[in-house]
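Next comes run.csv, with CSV, C-alpha atoms.
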```csv
chain,number,residue,atom,x,y,z
E,1,MET,CA,53.1,21.0,55.9
E,2,LYS,CA,50.5,23.2,54.4
E,3,LYS,CA,48.5,21.7,51.6
E,4,PRO,CA,49.1,23.5,48.3
E,5,MET,CA,46.3,25.9,47.4
E,6,ILE,CA,44.4,25.3,44.2
E,7,SER,CA,44.9,28.3,42.0
E,8,LEU,CA,42.0,30.4,41.0
E,9,ARG,CA,42.9,29.8,37.4
E,10,LYS,CA,42.5,26.1,37.7
E,11,ILE,CA,39.2,26.5,39.5
E,12,LEU,CA,37.9,28.7,36.7
E,13,LEU,CA,39.2,26.3,34.1
E,14,PHE,CA,37.5,23.4,35.8
E,15,VAL,CA,34.2,25.3,36.1
E,16,PHE,CA,34.4,26.4,32.4
E,17,ALA,CA,35.2,22.8,31.3
E,18,LEU,CA,32.3,21.5,33.4
E,19,ALA,CA,29.9,24.2,32.1
E,20,TRP,CA,31.0,23.3,28.5
E,21,LEU,CA,31.0,19.5,28.9
E,22,VAL,CA,27.7,18.9,30.7
E,23,PRO,CA,25.4,20.4,28.1
E,24,ILE,CA,27.4,18.8,25.3
E,25,ILE,CA,27.1,15.4,27.0
E,26,PHE,CA,23.3,15.7,27.5
E,27,PHE,CA,22.8,17.1,24.0
E,28,SER,CA,24.9,14.3,22.4
E,29,TRP,CA,23.1,11.6,24.4
E,30,PHE,CA,19.8,13.0,23.3
E,31,ILE,CA,20.8,13.0,19.6
E,32,PHE,CA,22.8,9.8,19.5
E,33,HIS,CA,20.3,7.8,21.6
E,34,ASP,CA,16.8,9.1,22.2
E,35,TYR,CA,16.4,11.1,18.9
E,36,GLN,CA,17.9,8.4,16.8
E,37,LYS,CA,15.8,5.8,18.4
E,38,ALA,CA,12.7,7.9,17.8
E,39,TYR,CA,13.8,8.5,14.2
E,40,LEU,CA,14.3,4.8,13.5
E,41,GLU,CA,10.9,3.9,15.0
E,42,LYS,CA,9.2,6.6,12.9
E,43,THR,CA,11.0,5.4,9.8
E,44,ASP,CA,10.0,1.9,10.5
E,45,ALA,CA,6.4,2.9,11.0
E,46,LEU,CA,6.4,4.9,7.7
E,47,MET,CA,7.9,2.0,5.8
E,48,ARG,CA,5.3,-0.4,7.2
E,49,ASN,CA,2.5,2.0,6.3
E,50,SER,CA,3.9,2.5,2.8
E,51,VAL,CA,4.0,-1.2,2.1
E,52,GLU,CA,0.4,-1.7,3.5
E,53,VAL,CA,-0.9,1.2,1.5
E,54,THR,CA,0.8,-0.2,-1.6
E,55,ALA,CA,-1.0,-3.5,-1.1
E,56,ALA,CA,-4.3,-1.7,-0.5
E,57,LEU,CA,-3.9,0.4,-3.7
E,58,ILE,CA,-3.1,-2.7,-5.8
E,59,SER,CA,-6.0,-4.7,-4.3
E,60,THR,CA,-8.4,-1.8,-5.0
E,61,ASP,CA,-7.4,-1.8,-8.7
E,62,ILE,CA,-7.8,-5.6,-8.9
E,63,ASP,CA,-11.1,-5.5,-7.1
E,64,GLU,CA,-12.3,-3.0,-9.7
E,65,ALA,CA,-11.2,-5.3,-12.5
E,66,ILE,CA,-13.0,-8.2,-10.8
E,67,SER,CA,-16.2,-6.2,-10.7
E,68,LYS,CA,-15.9,-5.6,-14.4
E,69,MET,CA,-15.4,-9.3,-14.9
E,70,GLN,CA,-18.5,-10.1,-12.8
E,71,ARG,CA,-20.7,-7.5,-14.5
E,72,PRO,CA,-21.8,-9.6,-17.5
E,73,SER,CA,-23.1,-12.2,-15.2
E,74,TYR,CA,-25.3,-9.7,-13.4
E,75,GLU,CA,-26.5,-8.1,-16.6
E,76,GLY,CA,-27.5,-11.5,-18.0
E,77,GLU,CA,-26.7,-10.5,-21.6
E,78,TRP,CA,-24.2,-13.2,-22.2
E,79,GLU,CA,-26.5,-15.8,-20.6
E,80,SER,CA,-29.3,-14.9,-22.9
E,81,ASP,CA,-27.0,-15.2,-25.9
E,82,TYR,CA,-25.9,-18.6,-24.7
E,83,ARG,CA,-29.5,-19.8,-24.3
E,84,ARG,CA,-30.2,-18.8,-27.9
E,85,TYR,CA,-27.1,-20.6,-29.0
E,86,ARG,CA,-27.9,-23.7,-26.9
E,87,THR,CA,-31.4,-24.0,-28.2
E,88,GLY,CA,-30.2,-23.6,-31.8
E,89,PHE,CA,-31.6,-20.1,-32.6
E,90,THR,CA,-28.1,-19.0,-33.4
E,91,SER,CA,-25.1,-20.8,-34.8
E,92,ARG,CA,-21.7,-21.0,-33.0
E,93,ASN,CA,-20.2,-18.4,-35.3
E,94,GLU,CA,-23.1,-16.0,-34.7
E,95,TYR,CA,-22.8,-16.6,-31.0
E,96,LEU,CA,-19.1,-15.9,-31.0
E,97,THR,CA,-19.5,-12.9,-33.2
E,98,THR,CA,-22.0,-11.5,-30.6
E,99,ILE,CA,-19.6,-12.3,-27.7
E,100,ARG,CA,-16.7,-10.8,-29.6
E,101,ALA,CA,-18.6,-7.5,-30.1
E,102,SER,CA,-19.6,-7.4,-26.5
E,103,LEU,CA,-16.0,-8.0,-25.3
E,104,ILE,CA,-14.8,-5.2,-27.5
E,105,SER,CA,-17.4,-2.8,-26.1
E,106,LYS,CA,-16.6,-3.8,-22.5
E,107,TYR,CA,-12.8,-4.2,-22.4
E,108,TYR,CA,-11.1,-3.1,-25.5
E,109,MET,CA,-11.2,0.6,-24.7
E,110,ASP,CA,-10.5,-0.1,-21.0
E,111,ASP,CA,-6.9,0.9,-20.2
E,112,GLN,CA,-6.8,-1.4,-17.2
E,113,VAL,CA,-7.3,-4.5,-19.4
E,114,ALA,CA,-4.3,-5.5,-21.6
E,115,ARG,CA,-5.8,-8.7,-23.1
E,116,TYR,CA,-8.8,-10.9,-22.8
E,117,ALA,CA,-10.0,-14.4,-23.9
E,118,PHE,CA,-13.3,-16.2,-23.9
E,119,TYR,CA,-13.5,-20.0,-23.8
E,120,LEU,CA,-16.7,-21.9,-24.6
E,121,ALA,CA,-17.5,-24.6,-22.0
E,122,GLY,CA,-16.2,-28.0,-23.1
E,123,GLU,CA,-14.0,-26.6,-25.9
E,124,GLU,CA,-10.2,-26.8,-25.7
E,125,LEU,CA,-9.2,-23.6,-27.6
E,126,PRO,CA,-10.4,-20.0,-26.9
E,127,GLY,CA,-13.3,-18.8,-29.0
E,128,CYS,CA,-12.1,-15.2,-28.8
E,129,TYR,CA,-8.7,-13.7,-27.9
E,130,THR,CA,-7.4,-10.1,-28.2
E,131,GLY,CA,-4.1,-8.7,-27.0
E,132,LYS,CA,-3.8,-4.9,-27.0
E,133,ASN,CA,-0.1,-4.5,-26.2
E,134,GLY,CA,1.6,-6.8,-28.6
E,135,TYR,CA,1.2,-10.0,-26.5
E,136,ALA,CA,0.8,-12.5,-29.3
E,137,SER,CA,-1.8,-15.3,-29.2
E,138,GLU,CA,1.0,-17.8,-29.7
E,139,ARG,CA,2.6,-16.7,-26.4
E,140,PHE,CA,-0.8,-16.7,-24.7
E,141,MET,CA,-1.4,-20.3,-25.8
E,142,GLU,CA,2.0,-21.4,-24.6
E,143,GLN,CA,2.1,-19.6,-21.3
E,144,VAL,CA,-1.4,-19.0,-20.1
E,145,HIS,CA,-3.7,-21.5,-21.9
E,146,PRO,CA,-2.6,-24.5,-19.7
E,147,LEU,CA,-3.6,-22.6,-16.5
E,148,VAL,CA,-6.9,-21.6,-18.0
E,149,ARG,CA,-7.7,-25.2,-18.8
E,150,ARG,CA,-7.0,-26.2,-15.2
E,151,VAL,CA,-9.3,-23.4,-13.9
E,152,ALA,CA,-12.0,-24.3,-16.4
E,153,GLU,CA,-12.1,-27.9,-15.1
E,154,LYS,CA,-13.1,-26.6,-11.6
E,155,ASP,CA,-16.7,-26.3,-10.5
E,156,SER,CA,-16.4,-22.8,-9.1
E,157,ASN,CA,-17.3,-19.3,-10.2
E,158,TYR,CA,-14.8,-17.5,-7.9
E,159,VAL,CA,-12.4,-15.2,-9.6
E,160,GLU,CA,-8.8,-16.6,-9.5
E,161,VAL,CA,-5.8,-14.3,-9.6
E,162,HIS,CA,-2.6,-15.6,-11.1
E,163,VAL,CA,0.8,-14.3,-12.2
E,164,VAL,CA,2.0,-16.0,-15.4
E,165,ASP,CA,4.9,-14.9,-17.6
E,166,ASP,CA,5.3,-11.6,-15.6
E,167,GLN,CA,1.7,-10.8,-16.3
E,168,ILE,CA,-1.4,-10.9,-14.1
E,169,TYR,CA,-4.5,-12.7,-15.1
E,170,LEU,CA,-8.1,-12.9,-13.7
E,171,ILE,CA,-9.9,-16.1,-14.6
E,172,ARG,CA,-13.5,-16.9,-13.9
E,173,ASN,CA,-15.9,-19.6,-14.9
E,174,LEU,CA,-19.3,-18.3,-16.0
E,175,TYR,CA,-22.6,-20.1,-15.0
E,176,THR,CA,-26.2,-19.6,-15.9
E,177,ALA,CA,-28.3,-18.1,-13.1
E,178,LYS,CA,-31.3,-20.5,-13.5
E,179,ASN,CA,-29.7,-24.0,-13.4
E,180,TYR,CA,-26.1,-23.2,-12.6
E,181,GLU,CA,-24.8,-24.5,-15.9
E,182,LYS,CA,-21.2,-23.6,-16.9
E,183,TYR,CA,-21.2,-22.0,-20.3
E,184,ALA,CA,-17.9,-20.2,-20.6
E,185,THR,CA,-14.6,-19.2,-19.0
E,186,LEU,CA,-13.5,-15.6,-19.1
E,187,VAL,CA,-9.9,-14.4,-18.9
E,188,LEU,CA,-8.7,-10.8,-18.3
E,189,GLY,CA,-5.1,-9.8,-18.4
E,190,LEU,CA,-4.4,-6.5,-16.6
E,191,ASP,CA,-1.8,-3.9,-17.6
E,192,VAL,CA,1.1,-4.4,-15.1
E,193,PRO,CA,2.7,-0.9,-15.4
E,194,LEU,CA,-0.7,0.7,-14.9
E,195,LEU,CA,-1.4,-1.5,-11.9
E,196,LEU,CA,2.0,-0.7,-10.2
E,197,ARG,CA,2.0,3.0,-11.0
E,198,GLU,CA,2.5,5.8,-8.4
E,199,LEU,CA,3.2,3.5,-5.5
E,200,PRO,CA,4.0,5.3,-2.2
E,201,VAL,CA,7.6,4.1,-2.0
E,202,ASP,CA,10.9,5.6,-3.0
E,203,ASN,CA,11.8,2.8,-5.4
E,204,PRO,CA,8.8,1.3,-7.1
E,205,GLY,CA,11.1,-1.1,-9.0
E,206,ALA,CA,11.9,-2.8,-5.7
E,207,VAL,CA,8.3,-3.8,-5.1
E,208,ARG,CA,7.3,-7.4,-5.8
E,209,VAL,CA,3.6,-8.5,-5.8
E,210,ALA,CA,2.6,-12.1,-5.5
E,211,PHE,CA,-0.7,-13.8,-5.0
E,212,GLY,CA,-1.6,-16.7,-2.7
E,213,ASP,CA,1.0,-19.4,-2.3
E,214,SER,CA,2.6,-18.9,-5.7
E,215,ALA,CA,6.1,-17.6,-5.7
E,216,ALA,CA,5.6,-15.9,-9.2
E,217,TYR,CA,5.6,-12.2,-8.8
E,218,LEU,CA,5.0,-8.9,-10.6
E,219,THR,CA,7.6,-6.2,-10.6
E,220,LEU,CA,8.6,-3.1,-12.5
E,221,ALA,CA,12.3,-4.0,-12.3
E,222,GLU,CA,13.7,-4.9,-15.7
E,223,GLY,CA,15.8,-8.0,-16.4
E,224,GLU,CA,16.4,-11.1,-14.4
E,225,SER,CA,17.0,-11.2,-10.6
E,226,THR,CA,20.7,-10.7,-9.8
E,227,GLY,CA,20.5,-12.9,-6.7
E,228,GLY,CA,22.7,-12.3,-3.7
E,229,GLU,CA,21.5,-10.8,-0.5
E,230,PRO,CA,18.5,-8.9,-1.9
E,231,GLU,CA,17.1,-12.1,-3.4
E,232,ALA,CA,17.6,-13.9,-0.1
E,233,VAL,CA,15.7,-11.2,1.7
E,234,TYR,CA,12.8,-11.4,-0.8
E,235,GLU,CA,12.7,-15.2,-0.3
E,236,LYS,CA,12.6,-14.8,3.4
E,237,LEU,CA,9.9,-12.2,3.2
E,238,PHE,CA,7.7,-14.5,1.1
E,239,GLU,CA,8.3,-17.3,3.5
E,240,LEU,CA,7.3,-15.1,6.5
E,241,ALA,CA,4.1,-14.1,4.6
E,242,GLN,CA,3.2,-17.7,4.1
E,243,GLU,CA,3.7,-18.5,7.8
E,244,SER,CA,1.5,-15.6,8.9
E,245,GLY,CA,-1.6,-17.5,7.7
E,246,ASN,CA,-4.9,-15.5,7.3
E,247,VAL,CA,-3.7,-12.5,9.3
E,248,THR,CA,-3.3,-9.2,7.4
E,249,GLN,CA,-0.1,-7.7,8.7
E,250,VAL,CA,3.2,-6.2,7.8
E,251,ILE,CA,6.4,-8.1,8.8
E,252,ARG,CA,10.0,-6.7,8.8
E,253,HIS,CA,13.1,-8.8,8.1
E,254,GLU,CA,16.7,-7.6,8.5
E,255,GLY,CA,19.5,-9.1,6.5
E,256,LYS,CA,23.2,-8.2,6.7
E,257,SER,CA,22.9,-5.0,4.7
E,258,TYR,CA,19.3,-5.1,3.5
E,259,VAL,CA,16.0,-4.5,5.2
E,260,GLY,CA,12.8,-5.9,3.9
E,261,TYR,CA,9.0,-5.4,4.6
E,262,VAL,CA,6.2,-7.7,3.5
E,263,CYS,CA,2.5,-7.1,3.7
E,264,ASN,CA,0.2,-10.2,3.8
E,265,PHE,CA,-3.1,-8.6,2.6
E,266,HIS,CA,-6.3,-10.7,2.5
E,267,CYS,CA,-9.2,-9.9,0.1
E,268,ASP,CA,-12.5,-11.7,-0.7
E,269,ASN,CA,-11.2,-13.6,-3.8
E,270,TYR,CA,-7.5,-13.7,-3.3
E,271,ARG,CA,-4.5,-13.0,-1.0
E,272,ILE,CA,-1.9,-10.5,-2.1
E,273,VAL,CA,1.7,-10.5,-0.8
E,274,VAL,CA,3.6,-7.2,-1.3
E,275,SER,CA,7.4,-7.3,-0.6
E,276,TYR,CA,9.8,-4.4,-0.5
E,277,ALA,CA,13.5,-4.6,0.2
E,278,LEU,CA,16.1,-1.8,0.3
E,279,PRO,CA,19.7,-1.2,1.5
E,280,GLU,CA,19.9,-0.5,5.2
E,281,LYS,CA,22.2,2.5,4.5
E,282,SER,CA,19.4,4.0,2.3
E,283,LEU,CA,16.9,3.5,5.1
E,284,ASN,CA,19.2,5.1,7.7
E,285,ALA,CA,20.6,7.8,5.4
E,286,GLY,CA,19.0,10.6,7.5
E,287,ILE,CA,20.6,9.3,10.6
E,288,ASP,CA,24.0,9.2,9.0
E,289,ARG,CA,23.7,12.8,7.7
E,290,LEU,CA,22.6,13.9,11.2
E,291,ASN,CA,25.6,12.2,12.9
E,292,ILE,CA,28.0,13.8,10.5
E,293,THR,CA,26.4,17.2,11.1
E,294,LEU,CA,26.5,16.7,14.9
E,295,LEU,CA,30.2,15.7,14.8
E,296,VAL,CA,31.1,18.8,12.8
E,297,VAL,CA,29.2,21.0,15.3
E,298,LEU,CA,30.9,19.4,18.3
E,299,CYS,CA,34.3,19.9,16.7
E,300,CYS,CA,33.5,23.5,16.2
E,301,MET,CA,32.6,23.9,19.8
E,302,ILE,CA,35.9,22.6,21.1
E,303,PRO,CA,37.8,25.5,22.8
E,304,PHE,CA,41.2,25.9,21.2
E,305,PRO,CA,43.9,27.5,23.4
E,306,ALA,CA,44.9,31.1,22.4
E,307,PRO,CA,48.4,31.5,21.0
E,308,ALA,CA,51.1,32.4,23.5
E,309,VAL,CA,52.1,36.0,23.6
E,310,SER,CA,55.6,37.0,24.8
E,311,ALA,CA,56.2,39.4,27.6
E,312,GLU,CA,57.7,41.9,25.2
E,313,VAL,CA,54.4,42.1,23.4
E,314,HIS,CA,52.6,42.8,26.6
E,315,ARG,CA,55.0,45.6,27.4
E,316,GLY,CA,54.4,47.1,24.0
E,317,ARG,CA,58.0,46.8,23.0
E,318,LEU,CA,57.2,44.5,20.1
E,319,THR,CA,54.3,44.0,18.0
E,320,PRO,CA,53.2,40.5,17.1
E,321,ALA,CA,53.9,39.4,13.5
```
What is this structure when it is put down as structure tokens?
Amino acid sequence: MKKPMISLRKILLFVFALAWLVPIIFFSWFIFHDYQKAYLEKTDALMRNSVEVTAALISTDIDEAISKMQRPSYEGEWESDYRRYRTGFTSRNEYLTTIRASLISKYYMDDQVARYAFYLAGEELPGCYTGKNGYASERFMEQVHPLVRRVAEKDSNYVEVHVVDDQIYLIRNLYTAKNYEKYATLVLGLDVPLLLRELPVDNPGAVRVAFGDSAAYLTLAEGESTGGEPEAVYEKLFELAQESGNVTQVIRHEGKSYVGYVCNFHCDNYRIVVSYALPEKSLNAGIDRLNITLLVVLCCMIPFPAPAVSAEVHRGRLTPA
């Protein structure tokens, strides 16, 4: 028996299908695999860079405030005033009046400083306190004063950075240059909204800033934490930052539906931990839109069969409706 011949129509149909399918398969593989992989790697790199730049910007502002805090020691003005007070040339009230005037000239008109306090060495209460944004002295004494007393008891002139009551404070013991005698403790509270302004992330309210080993953090988000998966991601990010030691690096952590990044950034006087978490669907929104667009394009490229035309129409006896 003769083998049945394959009709020319079937051959042409096969060639057409092959010519249509092969480019579509390669194009789809490139979009769904290679391009998406490159897109995710690029997005991850951008997120890591954004978090690291955020930490660098915040640390730059803090370093600027630290330099303002150290400037009186270099100028020697306060030390000279202290020597006159110590030797009895001026009274305590006159000394504090001089210091108060100096504090006003140095910090009151500075937008970066939200409040400041000056403690005389050996005294329990602050000799001077000024809050510029409605932060009452009673609240300062309740929330910040115990921390200041602990720092004042240390024999160190390093600037310490602390987060207390959702505010950031720089605390430094002041010493004389000649015989290294502690004569005061200076406290500067920085303006948090100004510190966290114009961060290079899509949602600045999702940024949390902590210092050292303390879990207390700064944020622009209003209200208490709602818990759930986002809070678990932040806790894991902080734990990873503590485990990273003295290495400045950016670490990524993936939850069920959230992705987080944390930058462990080391500076001379402190260590800053910047955490940023966001929904995974928000991070991959570009990929989702691309996939939908590609599927629509592929659907439009499907060849639909032409409607059947009767023999009468071909002969011209009838016209199609």
Practice item. Using CA of Ala241 in chain E and CA of Ser50 in chain E as the two end points, give the distance in Å to one decimal. Key: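 So the two atoms, CA of Ala241 in chain E and CA of Ser50 in chain E, lie 16.7 Å apart.
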Review point. Which residue out of E:Glu52, E:Asp61, E:Glu231, E:Glu160 has the minimum interatomic distance to Leu196 in chain E when all atoms listed in the file are used?
Key: E:Asp61
Excluding Leu57 in chain E and its own-chain neighbours fewer than 4 positions away, which residues fall within 12 Å of it when counting all atoms listed in the file? Please give them as a short mmCIF file (atom, residue, chain, number, x, y, z; two decimals) with C-alpha atoms, in the coordinates of the input.
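Writing done, so here's part30.cif:
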```
data_model
loop_
_atom_site.label_atom_id
_atom_site.label_comp_id
_atom_site.auth_asym_id
_atom_site.auth_seq_id
_atom_site.Cartn_x
_atom_site.Cartn_y
_atom_site.Cartn_z
CA ASN E 49 2.50 2.00 6.30
CA SER E 50 3.90 2.50 2.80
CA VAL E 51 4.00 -1.20 2.10
CA GLU E 52 0.40 -1.70 3.50
CA VAL E 53 -0.90 1.20 1.50
CA ASP E 61 -7.40 -1.80 -8.70
CA ILE E 62 -7.80 -5.60 -8.90
CA ASP E 63 -11.10 -5.50 -7.10
CA GLU E 64 -12.30 -3.00 -9.70
CA LEU E 194 -0.70 0.70 -14.90
CA LEU E 195 -1.40 -1.50 -11.90
CA LEU E 196 2.00 -0.70 -10.20
CA ARG E 197 2.00 3.00 -11.00
CA GLU E 198 2.50 5.80 -8.40
CA LEU E 199 3.20 3.50 -5.50
CA PRO E 200 4.00 5.30 -2.20
CA VAL E 209 3.60 -8.50 -5.80
CA PHE E 265 -3.10 -8.60 2.60
CA ILE E 272 -1.90 -10.50 -2.10
CA VAL E 274 3.60 -7.20 -1.30
#
```
Point to revise | Separation of CA of Asp165 in chain E from CA of Tyr217 in chain E, in Å and rounded to one decimal | key: 9.2 Å
Practice item. Could you check which of E:Met47, E:Val250, E:Val161, E:Leu125 is closest to Glu142 in chain E, using only C-alpha atoms? Key: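 Selected residue with least distance to Glu142 in chain E: E:Leu125.
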Review point. Using all atoms listed in the file, which of E:Asp44, E:Asp191, E:Glu153, E:Glu94 sits nearest Tyr119 in chain E?
Key: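 Using all atoms listed in the file, Tyr119 in chain E sits closest to E:Glu153.
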Exercise for review: Name all residues at most 12 Å from Ala210 in chain E (count all atoms listed in the file; drop same-chain ones fewer than 5 positions away) and give them as a ChimeraX atom specification.
Suggested key: /E:55,58-59,161-164,166-169,215-219,234-235,237-239,241-242,262-265,270-276
Selection to disk with C-alpha atoms, as a compact mmCIF listing (two decimals), in the frame of the given file:
```txt
# COMPACT_ATOMS: atom_id res chain seq x y z
CA ALA E 55 -1.00 -3.50 -1.10
CA ILE E 58 -3.10 -2.70 -5.80
CA SER E 59 -6.00 -4.70 -4.30
CA VAL E 161 -5.80 -14.30 -9.60
CA HIS E 162 -2.60 -15.60 -11.10
CA VAL E 163 0.80 -14.30 -12.20
CA VAL E 164 2.00 -16.00 -15.40
CA ASP E 166 5.30 -11.60 -15.60
CA GLN E 167 1.70 -10.80 -16.30
CA ILE E 168 -1.40 -10.90 -14.10
CA TYR E 169 -4.50 -12.70 -15.10
CA ALA E 215 6.10 -17.60 -5.70
CA ALA E 216 5.60 -15.90 -9.20
CA TYR E 217 5.60 -12.20 -8.80
CA LEU E 218 5.00 -8.90 -10.60
CA THR E 219 7.60 -6.20 -10.60
CA TYR E 234 12.80 -11.40 -0.80
CA GLU E 235 12.70 -15.20 -0.30
CA LEU E 237 9.90 -12.20 3.20
CA PHE E 238 7.70 -14.50 1.10
CA GLU E 239 8.30 -17.30 3.50
CA ALA E 241 4.10 -14.10 4.60
CA GLN E 242 3.20 -17.70 4.10
CA VAL E 262 6.20 -7.70 3.50
CA CYS E 263 2.50 -7.10 3.70
CA ASN E 264 0.20 -10.20 3.80
CA PHE E 265 -3.10 -8.60 2.60
CA TYR E 270 -7.50 -13.70 -3.30
CA ARG E 271 -4.50 -13.00 -1.00
CA ILE E 272 -1.90 -10.50 -2.10
CA VAL E 273 1.70 -10.50 -0.80
CA VAL E 274 3.60 -7.20 -1.30
CA SER E 275 7.40 -7.30 -0.60
CA TYR E 276 9.80 -4.40 -0.50
```
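Shortest atom-to-atom contact with Thr60 in chain E among E:Cys267, E:Ala206, E:Val148, E:Val296: E:Cys267, counting only C-alpha atoms.
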Point to revise | Long-range neighbours of Asn203 in chain E as a ChimeraX atom specification, 10 Å cut-off, all atoms listed in the file, 5 positions minimum in chain | key: /E:220-221,276-278
Point to revise | Pairwise distance for CA of Asn93 in chain E and CA of Ala177 in chain E, rounded to one decimal in Å | key: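 These atoms are spaced 23.6 Å apart.
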Review point. Pick the closest to Glu79 in chain E from E:Thr130, E:Ser7, E:Gln36, E:Asn179: which is it, counting all atoms listed in the file?
Key: E:Asn179
Point to revise | Spatial sel., origin (-13.9, -19.3, -9.8), limit 9 Å, only C-alpha atoms, listed as a PyMOL selection string | key: chain E and resi 151-152+154-160+171-174+269
Rebuild range 124-130 of chain E to all heavy atoms - output it as an mmCIF file, keeping the file's coordinate frame, please.
```
data_model
loop_
_atom_site.group_PDB
_atom_site.id
_atom_site.type_symbol
_atom_site.label_atom_id
_atom_site.label_comp_id
_atom_site.auth_asym_id
_atom_site.auth_seq_id
_atom_site.Cartn_x
_atom_site.Cartn_y
_atom_site.Cartn_z
ATOM 1 N N GLU E 124 -11.589 -26.867 -26.129
ATOM 2 C CA GLU E 124 -10.200 -26.800 -25.700
ATOM 3 C C GLU E 124 -9.572 -25.444 -26.008
ATOM 4 O O GLU E 124 -8.828 -24.914 -25.188
ATOM 5 C CB GLU E 124 -9.396 -27.883 -26.502
ATOM 6 C CG GLU E 124 -7.900 -27.884 -26.241
ATOM 7 C CD GLU E 124 -7.550 -28.325 -24.821
ATOM 8 O OE1 GLU E 124 -8.390 -28.994 -24.189
ATOM 9 O OE2 GLU E 124 -6.441 -27.993 -24.361
ATOM 10 N N LEU E 125 -9.874 -24.841 -27.148
ATOM 11 C CA LEU E 125 -9.200 -23.600 -27.600
ATOM 12 C C LEU E 125 -10.159 -22.399 -27.284
ATOM 13 O O LEU E 125 -11.388 -22.551 -27.243
ATOM 14 C CB LEU E 125 -8.893 -23.656 -29.047
ATOM 15 C CG LEU E 125 -7.935 -24.780 -29.468
ATOM 16 C CD1 LEU E 125 -7.710 -24.747 -30.976
ATOM 17 C CD2 LEU E 125 -6.619 -24.689 -28.721
ATOM 18 N N PRO E 126 -9.593 -21.227 -27.126
ATOM 19 C CA PRO E 126 -10.400 -20.000 -26.900
ATOM 20 C C PRO E 126 -11.234 -19.666 -28.130
ATOM 21 O O PRO E 126 -10.720 -19.707 -29.255
ATOM 22 C CB PRO E 126 -9.412 -18.955 -26.534
ATOM 23 C CG PRO E 126 -8.135 -19.404 -27.158
ATOM 24 C CD PRO E 126 -8.146 -20.896 -27.091
ATOM 25 N N GLY E 127 -12.481 -19.277 -27.903
ATOM 26 C CA GLY E 127 -13.300 -18.800 -29.000
ATOM 27 C C GLY E 127 -12.947 -17.417 -29.439
ATOM 28 O O GLY E 127 -13.097 -17.051 -30.616
ATOM 29 N N CYS E 128 -12.445 -16.624 -28.491
ATOM 30 C CA CYS E 128 -12.100 -15.200 -28.800
ATOM 31 C C CYS E 128 -10.779 -14.925 -27.977
ATOM 32 O O CYS E 128 -10.641 -15.330 -26.818
ATOM 33 C CB CYS E 128 -13.150 -14.250 -28.361
ATOM 34 S SG CYS E 128 -14.789 -14.587 -29.039
ATOM 35 N N TYR E 129 -9.871 -14.193 -28.600
ATOM 36 C CA TYR E 129 -8.700 -13.700 -27.900
ATOM 37 C C TYR E 129 -8.266 -12.371 -28.530
ATOM 38 O O TYR E 129 -8.222 -12.244 -29.754
ATOM 39 C CB TYR E 129 -7.511 -14.672 -27.964
ATOM 40 C CG TYR E 129 -6.231 -14.047 -27.423
ATOM 41 C CD1 TYR E 129 -6.022 -13.928 -26.058
ATOM 42 C CD2 TYR E 129 -5.266 -13.522 -28.287
ATOM 43 C CE1 TYR E 129 -4.881 -13.323 -25.551
ATOM 44 C CE2 TYR E 129 -4.126 -12.920 -27.797
ATOM 45 C CZ TYR E 129 -3.926 -12.818 -26.426
ATOM 46 O OH TYR E 129 -2.804 -12.211 -25.934
ATOM 47 N N THR E 130 -7.944 -11.399 -27.688
ATOM 48 C CA THR E 130 -7.400 -10.100 -28.200
ATOM 49 C C THR E 130 -6.360 -9.626 -27.204
ATOM 50 O O THR E 130 -6.575 -9.581 -25.985
ATOM 51 C CB THR E 130 -8.563 -9.055 -28.229
ATOM 52 O OG1 THR E 130 -9.563 -9.476 -29.154
ATOM 53 C CG2 THR E 130 -7.996 -7.709 -28.670
#
```
